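*Asks:* Got a structure for you, model_1.tsv, holding TSV, C-alpha atoms.
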```tsv
chain	number	residue	atom	x	y	z
F	1	MET	CA	0.00	0.00	0.00
F	2	LYS	CA	1.18	3.48	-0.79
F	3	ILE	CA	-0.75	5.06	2.08
F	4	ARG	CA	-1.33	3.39	5.43
F	5	PRO	CA	-4.97	2.43	6.16
F	6	LYS	CA	-4.87	4.47	9.41
F	7	ASP	CA	-3.87	7.59	7.44
F	8	TYR	CA	-6.74	7.04	5.00
F	9	ALA	CA	-9.10	6.65	7.97
F	10	VAL	CA	-8.02	9.80	9.80
F	11	ALA	CA	-8.20	11.89	6.62
F	12	PHE	CA	-11.59	10.49	5.64
F	13	VAL	CA	-13.18	10.99	9.07
F	14	ASP	CA	-11.78	14.54	9.36
F	15	VAL	CA	-13.31	15.54	6.03
F	16	TYR	CA	-16.53	13.56	6.60
F	17	GLU	CA	-17.19	15.29	9.92
F	18	ALA	CA	-16.51	18.71	8.36
F	19	ARG	CA	-19.18	18.18	5.67
F	20	VAL	CA	-22.67	19.30	6.57
F	21	GLY	CA	-25.03	18.19	3.81
F	22	ALA	CA	-25.92	14.60	2.94
F	23	LYS	CA	-25.22	15.33	-0.73
F	24	ASP	CA	-21.69	16.45	0.13
F	25	LYS	CA	-21.13	13.28	2.15
F	26	ALA	CA	-22.28	11.02	-0.69
F	27	SER	CA	-19.96	12.86	-3.06
F	28	LEU	CA	-17.13	12.58	-0.55
F	29	ILE	CA	-17.53	8.81	-0.32
F	30	SER	CA	-17.46	8.32	-4.10
F	31	ARG	CA	-14.41	10.60	-4.43
F	32	PHE	CA	-12.69	8.73	-1.60
F	33	ILE	CA	-13.26	5.40	-3.36
F	34	ALA	CA	-11.85	6.89	-6.58
F	35	LEU	CA	-8.77	8.11	-4.67
F	36	VAL	CA	-8.12	4.70	-3.12
F	37	ARG	CA	-8.38	3.06	-6.55
F	38	LYS	CA	-6.16	5.72	-8.15
F	39	ASN	CA	-3.48	5.15	-5.51
F	40	GLY	CA	-3.55	1.40	-6.23
F	41	ASP	CA	-4.68	0.57	-2.69
F	42	TRP	CA	-8.06	-0.98	-3.58
F	43	HIS	CA	-6.81	-4.44	-2.56
F	44	GLY	CA	-6.55	-3.16	1.03
F	45	ARG	CA	-10.09	-1.73	1.14
F	46	GLU	CA	-11.26	-4.07	3.91
F	47	LYS	CA	-8.46	-2.90	6.21
F	48	ILE	CA	-9.18	0.74	5.28
F	49	ILE	CA	-12.88	0.29	6.08
F	50	SER	CA	-12.01	-1.36	9.38
F	51	GLU	CA	-9.71	1.55	10.27
F	52	ILE	CA	-12.44	4.06	9.35
F	53	GLU	CA	-14.90	2.25	11.65
F	54	ASP	CA	-12.29	2.25	14.43
F	55	GLU	CA	-11.64	5.98	13.95
F	56	PHE	CA	-15.35	6.88	14.11
F	57	ARG	CA	-15.76	4.70	17.21
F	58	ALA	CA	-12.70	6.18	18.92
F	59	ARG	CA	-13.94	9.73	18.36
F	60	GLU	CA	-17.30	8.80	19.91
F	61	GLY	CA	-15.53	7.30	22.93
F	62	GLY	CA	-16.57	3.74	22.13
F	63	ARG	CA	-14.73	0.44	22.17
F	64	LYS	CA	-14.70	-2.57	19.87
F	65	ILE	CA	-15.36	-5.59	22.02
F	66	ILE	CA	-15.01	-9.12	20.69
F	67	ALA	CA	-16.58	-11.68	22.99
F	68	GLU	CA	-15.93	-15.33	22.26
F	69	PHE	CA	-18.20	-17.75	24.08
F	70	ALA	CA	-18.18	-21.51	24.10
F	71	ARG	CA	-21.99	-21.17	24.07
F	72	LYS	CA	-24.16	-18.06	23.79
F	73	SER	CA	-25.92	-18.68	27.12
F	74	ALA	CA	-23.60	-16.22	28.93
F	75	LEU	CA	-24.39	-13.36	26.55
F	76	PRO	CA	-27.23	-11.63	28.49
F	77	LYS	CA	-25.03	-11.15	31.58
F	78	PHE	CA	-22.25	-9.72	29.44
F	79	LEU	CA	-24.48	-7.20	27.62
F	80	LYS	CA	-25.28	-5.33	30.84
F	81	ASN	CA	-21.73	-3.90	30.92
F	82	LEU	CA	-21.78	-2.16	27.52
F	83	SER	CA	-22.33	1.52	26.81
F	84	ALA	CA	-23.97	3.09	23.74
F	85	PRO	CA	-20.94	3.83	21.51
F	86	ASP	CA	-19.43	0.38	22.06
F	87	THR	CA	-19.48	-2.16	19.24
F	88	LEU	CA	-19.91	-5.80	20.20
F	89	VAL	CA	-18.87	-8.71	18.00
F	90	VAL	CA	-20.07	-12.05	19.37
F	91	LYS	CA	-18.39	-15.24	18.25
F	92	THR	CA	-19.21	-18.79	19.22
F	93	THR	CA	-15.92	-20.64	19.59
F	94	PRO	CA	-16.56	-24.28	20.57
F	95	GLU	CA	-12.85	-25.00	21.14
F	96	LEU	CA	-12.99	-22.84	24.28
F	97	VAL	CA	-14.94	-25.75	25.83
F	98	ALA	CA	-16.44	-23.41	28.44
F	99	GLY	CA	-16.03	-19.81	29.54
F	100	ILE	CA	-15.36	-16.59	27.66
F	101	ARG	CA	-12.48	-14.78	25.97
F	102	ILE	CA	-12.76	-10.97	25.65
F	103	THR	CA	-10.74	-8.72	23.36
F	104	ILE	CA	-11.12	-4.94	23.64
F	105	ASN	CA	-9.80	-2.67	20.89
F	106	GLY	CA	-7.68	-5.45	19.45
F	107	LYS	CA	-5.90	-6.30	22.70
F	108	ARG	CA	-6.59	-9.47	24.64
F	109	GLU	CA	-8.06	-8.34	27.94
F	110	ALA	CA	-9.45	-11.43	29.61
F	111	ASP	CA	-9.40	-15.14	28.96
F	112	PHE	CA	-11.68	-17.08	31.28
F	113	SER	CA	-11.87	-20.15	29.09
F	114	LEU	CA	-11.48	-23.73	30.23
F	115	LYS	CA	-9.07	-24.26	27.33
F	116	ARG	CA	-6.64	-21.67	28.78
F	117	LYS	CA	-6.93	-23.15	32.26
F	118	LEU	CA	-6.21	-26.64	30.94
F	119	ASN	CA	-3.25	-25.41	28.91
F	120	ASN	CA	-1.84	-23.66	32.00
F	121	LEU	CA	-2.36	-26.75	34.11
F	122	PHE	CA	-0.53	-29.10	31.71
F	123	SER	CA	2.27	-26.78	30.59
```
Could you show the structure in this file as structure tokens?
*Replies:*
Amino acid sequence: MKIRPKDYAVAFVDVYEARVGAKDKASLISRFIALVRKNGDWHGREKIISEIEDEFRAREGGRKIIAEFARKSALPKFLKNLSAPDTLVVKTTPELVAGIRITINGKREADFSLKRKLNNLFS
């Protein structure tokens, strides 16, 4: 990539937030897509979109929380601790056997899975 996805994201969000009208924003998005293609970075569009989402979320004070459950039965208890600007991604990961693994903003925060406990016990 010629330009880092984070740089694309910061520039896009800065300009997007400065635009007032919906027509301007639609035009901005189409021009942004044309710019990414012109720079030859279209192959990295998924990473750029992810960075744009992260930038919007960070400016709103939210977090991206990935919760991996062995089964979804623990989900209602977990949802009580979220605030409005947070984004929750729920994954069912059977190899955890039991428990939960939580990642916040891309950093592993907590691993309460039986798999981790068994690995620690036998290592």
*Asks:* Would you list the contacts of Lys47 of chain F as JSON, numbers by chain, taking every protein, DNA or RNA residue within 9 Å and counting all atoms listed in the file, but skipping same-chain residues closer than 5 positions in sequence?
*Replies:* {"F": [5, 6, 52]}
*Asks:* Which residue gives the smallest distance to Ala84 of chain F among F:Ile104, F:Arg31, F:Ser50, F:Lys64, with only C-alpha atoms counted?
*Replies:*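 For Ala84 of chain F, the nearest of the candidates is F:Lys64.
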*Asks:* Using only C-alpha atoms, which residue out of F:Glu60, F:Asp41, F:Glu68, F:Glu55 lies closest to Glu109 of chain F?
*Replies:* F:Glu68
*Asks:* Rounded to one decimal place, report the atom CA of Lys2 of chain F-atom CA of Phe56 of chain F distance in Å.
*Replies:*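 We find that atom CA of Lys2 of chain F and atom CA of Phe56 of chain F lie 22.5 Å from each other.
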*Asks:* Please measure the separation of atom CA of Thr93 of chain F and atom CA of Ala58 of chain F, giving the value in Å to one decimal.
*Replies:*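 Value for the atom CA of Thr93 of chain F-atom CA of Ala58 of chain F distance: 27.0 Å.
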*Asks:* What separation in Å, quoted to one decimal, exists between atom CA of Ile48 of chain F and atom CA of Ile3 of chain F?
*Replies:* 10.0 Å
*Asks:* When you get a chance, write out N, CA and C atoms for segment 29-52 of chain F, as a PDB file, in the frame of the given file.
*Replies:*
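Contents of part.pdb, as written:
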```pdb
ATOM      1  N   ILE F  29     -17.768  10.251  -0.319  1.00  0.00           N
ATOM      2  CA  ILE F  29     -17.530   8.810  -0.320  1.00  0.00           C
ATOM      3  C   ILE F  29     -17.121   8.330  -1.712  1.00  0.00           C
ATOM      4  N   SER F  30     -17.808   8.765  -2.742  1.00  0.00           N
ATOM      5  CA  SER F  30     -17.460   8.320  -4.100  1.00  0.00           C
ATOM      6  C   SER F  30     -16.089   8.844  -4.513  1.00  0.00           C
ATOM      7  N   ARG F  31     -15.744  10.069  -4.122  1.00  0.00           N
ATOM      8  CA  ARG F  31     -14.410  10.600  -4.430  1.00  0.00           C
ATOM      9  C   ARG F  31     -13.326   9.864  -3.643  1.00  0.00           C
ATOM     10  N   PHE F  32     -13.648   9.477  -2.415  1.00  0.00           N
ATOM     11  CA  PHE F  32     -12.690   8.730  -1.600  1.00  0.00           C
ATOM     12  C   PHE F  32     -12.397   7.365  -2.234  1.00  0.00           C
ATOM     13  N   ILE F  33     -13.438   6.698  -2.695  1.00  0.00           N
ATOM     14  CA  ILE F  33     -13.260   5.400  -3.360  1.00  0.00           C
ATOM     15  C   ILE F  33     -12.390   5.571  -4.608  1.00  0.00           C
ATOM     16  N   ALA F  34     -12.653   6.625  -5.383  1.00  0.00           N
ATOM     17  CA  ALA F  34     -11.850   6.890  -6.580  1.00  0.00           C
ATOM     18  C   ALA F  34     -10.386   7.137  -6.212  1.00  0.00           C
ATOM     19  N   LEU F  35     -10.140   7.834  -5.117  1.00  0.00           N
ATOM     20  CA  LEU F  35      -8.770   8.110  -4.670  1.00  0.00           C
ATOM     21  C   LEU F  35      -8.049   6.824  -4.273  1.00  0.00           C
ATOM     22  N   VAL F  36      -8.736   5.965  -3.536  1.00  0.00           N
ATOM     23  CA  VAL F  36      -8.120   4.700  -3.120  1.00  0.00           C
ATOM     24  C   VAL F  36      -7.769   3.860  -4.347  1.00  0.00           C
ATOM     25  N   ARG F  37      -8.659   3.813  -5.318  1.00  0.00           N
ATOM     26  CA  ARG F  37      -8.380   3.060  -6.550  1.00  0.00           C
ATOM     27  C   ARG F  37      -7.217   3.685  -7.324  1.00  0.00           C
ATOM     28  N   LYS F  38      -7.216   5.018  -7.422  1.00  0.00           N
ATOM     29  CA  LYS F  38      -6.160   5.720  -8.150  1.00  0.00           C
ATOM     30  C   LYS F  38      -4.793   5.457  -7.526  1.00  0.00           C
ATOM     31  N   ASN F  39      -4.739   5.393  -6.210  1.00  0.00           N
ATOM     32  CA  ASN F  39      -3.480   5.150  -5.510  1.00  0.00           C
ATOM     33  C   ASN F  39      -3.047   3.684  -5.566  1.00  0.00           C
ATOM     34  N   GLY F  40      -3.891   2.817  -6.117  1.00  0.00           N
ATOM     35  CA  GLY F  40      -3.550   1.400  -6.230  1.00  0.00           C
ATOM     36  C   GLY F  40      -3.702   0.646  -4.920  1.00  0.00           C
ATOM     37  N   ASP F  41      -4.509   1.184  -4.003  1.00  0.00           N
ATOM     38  CA  ASP F  41      -4.680   0.570  -2.690  1.00  0.00           C
ATOM     39  C   ASP F  41      -6.027  -0.135  -2.541  1.00  0.00           C
ATOM     40  N   TRP F  42      -6.726  -0.385  -3.643  1.00  0.00           N
ATOM     41  CA  TRP F  42      -8.060  -0.980  -3.580  1.00  0.00           C
ATOM     42  C   TRP F  42      -8.020  -2.375  -2.965  1.00  0.00           C
ATOM     43  N   HIS F  43      -6.921  -3.090  -3.131  1.00  0.00           N
ATOM     44  CA  HIS F  43      -6.810  -4.440  -2.560  1.00  0.00           C
ATOM     45  C   HIS F  43      -6.843  -4.414  -1.026  1.00  0.00           C
ATOM     46  N   GLY F  44      -6.532  -3.282  -0.428  1.00  0.00           N
ATOM     47  CA  GLY F  44      -6.550  -3.160   1.030  1.00  0.00           C
ATOM     48  C   GLY F  44      -7.799  -2.472   1.555  1.00  0.00           C
ATOM     49  N   ARG F  45      -8.871  -2.465   0.761  1.00  0.00           N
ATOM     50  CA  ARG F  45     -10.090  -1.730   1.140  1.00  0.00           C
ATOM     51  C   ARG F  45     -10.729  -2.244   2.425  1.00  0.00           C
ATOM     52  N   GLU F  46     -10.653  -3.540   2.684  1.00  0.00           N
ATOM     53  CA  GLU F  46     -11.260  -4.070   3.910  1.00  0.00           C
ATOM     54  C   GLU F  46     -10.548  -3.533   5.143  1.00  0.00           C
ATOM     55  N   LYS F  47      -9.235  -3.451   5.085  1.00  0.00           N
ATOM     56  CA  LYS F  47      -8.460  -2.900   6.210  1.00  0.00           C
ATOM     57  C   LYS F  47      -8.744  -1.404   6.358  1.00  0.00           C
ATOM     58  N   ILE F  48      -8.871  -0.702   5.229  1.00  0.00           N
ATOM     59  CA  ILE F  48      -9.180   0.740   5.280  1.00  0.00           C
ATOM     60  C   ILE F  48     -10.548   0.952   5.905  1.00  0.00           C
ATOM     61  N   ILE F  49     -11.535   0.172   5.512  1.00  0.00           N
ATOM     62  CA  ILE F  49     -12.880   0.290   6.080  1.00  0.00           C
ATOM     63  C   ILE F  49     -12.861  -0.003   7.570  1.00  0.00           C
ATOM     64  N   SER F  50     -12.126  -1.019   7.961  1.00  0.00           N
ATOM     65  CA  SER F  50     -12.010  -1.360   9.380  1.00  0.00           C
ATOM     66  C   SER F  50     -11.386  -0.202  10.171  1.00  0.00           C
ATOM     67  N   GLU F  51     -10.358   0.411   9.608  1.00  0.00           N
ATOM     68  CA  GLU F  51      -9.710   1.550  10.270  1.00  0.00           C
ATOM     69  C   GLU F  51     -10.655   2.754  10.361  1.00  0.00           C
ATOM     70  N   ILE F  52     -11.465   2.962   9.327  1.00  0.00           N
ATOM     71  CA  ILE F  52     -12.440   4.060   9.350  1.00  0.00           C
ATOM     72  C   ILE F  52     -13.461   3.817  10.460  1.00  0.00           C
TER      73      ILE F  52
END
```
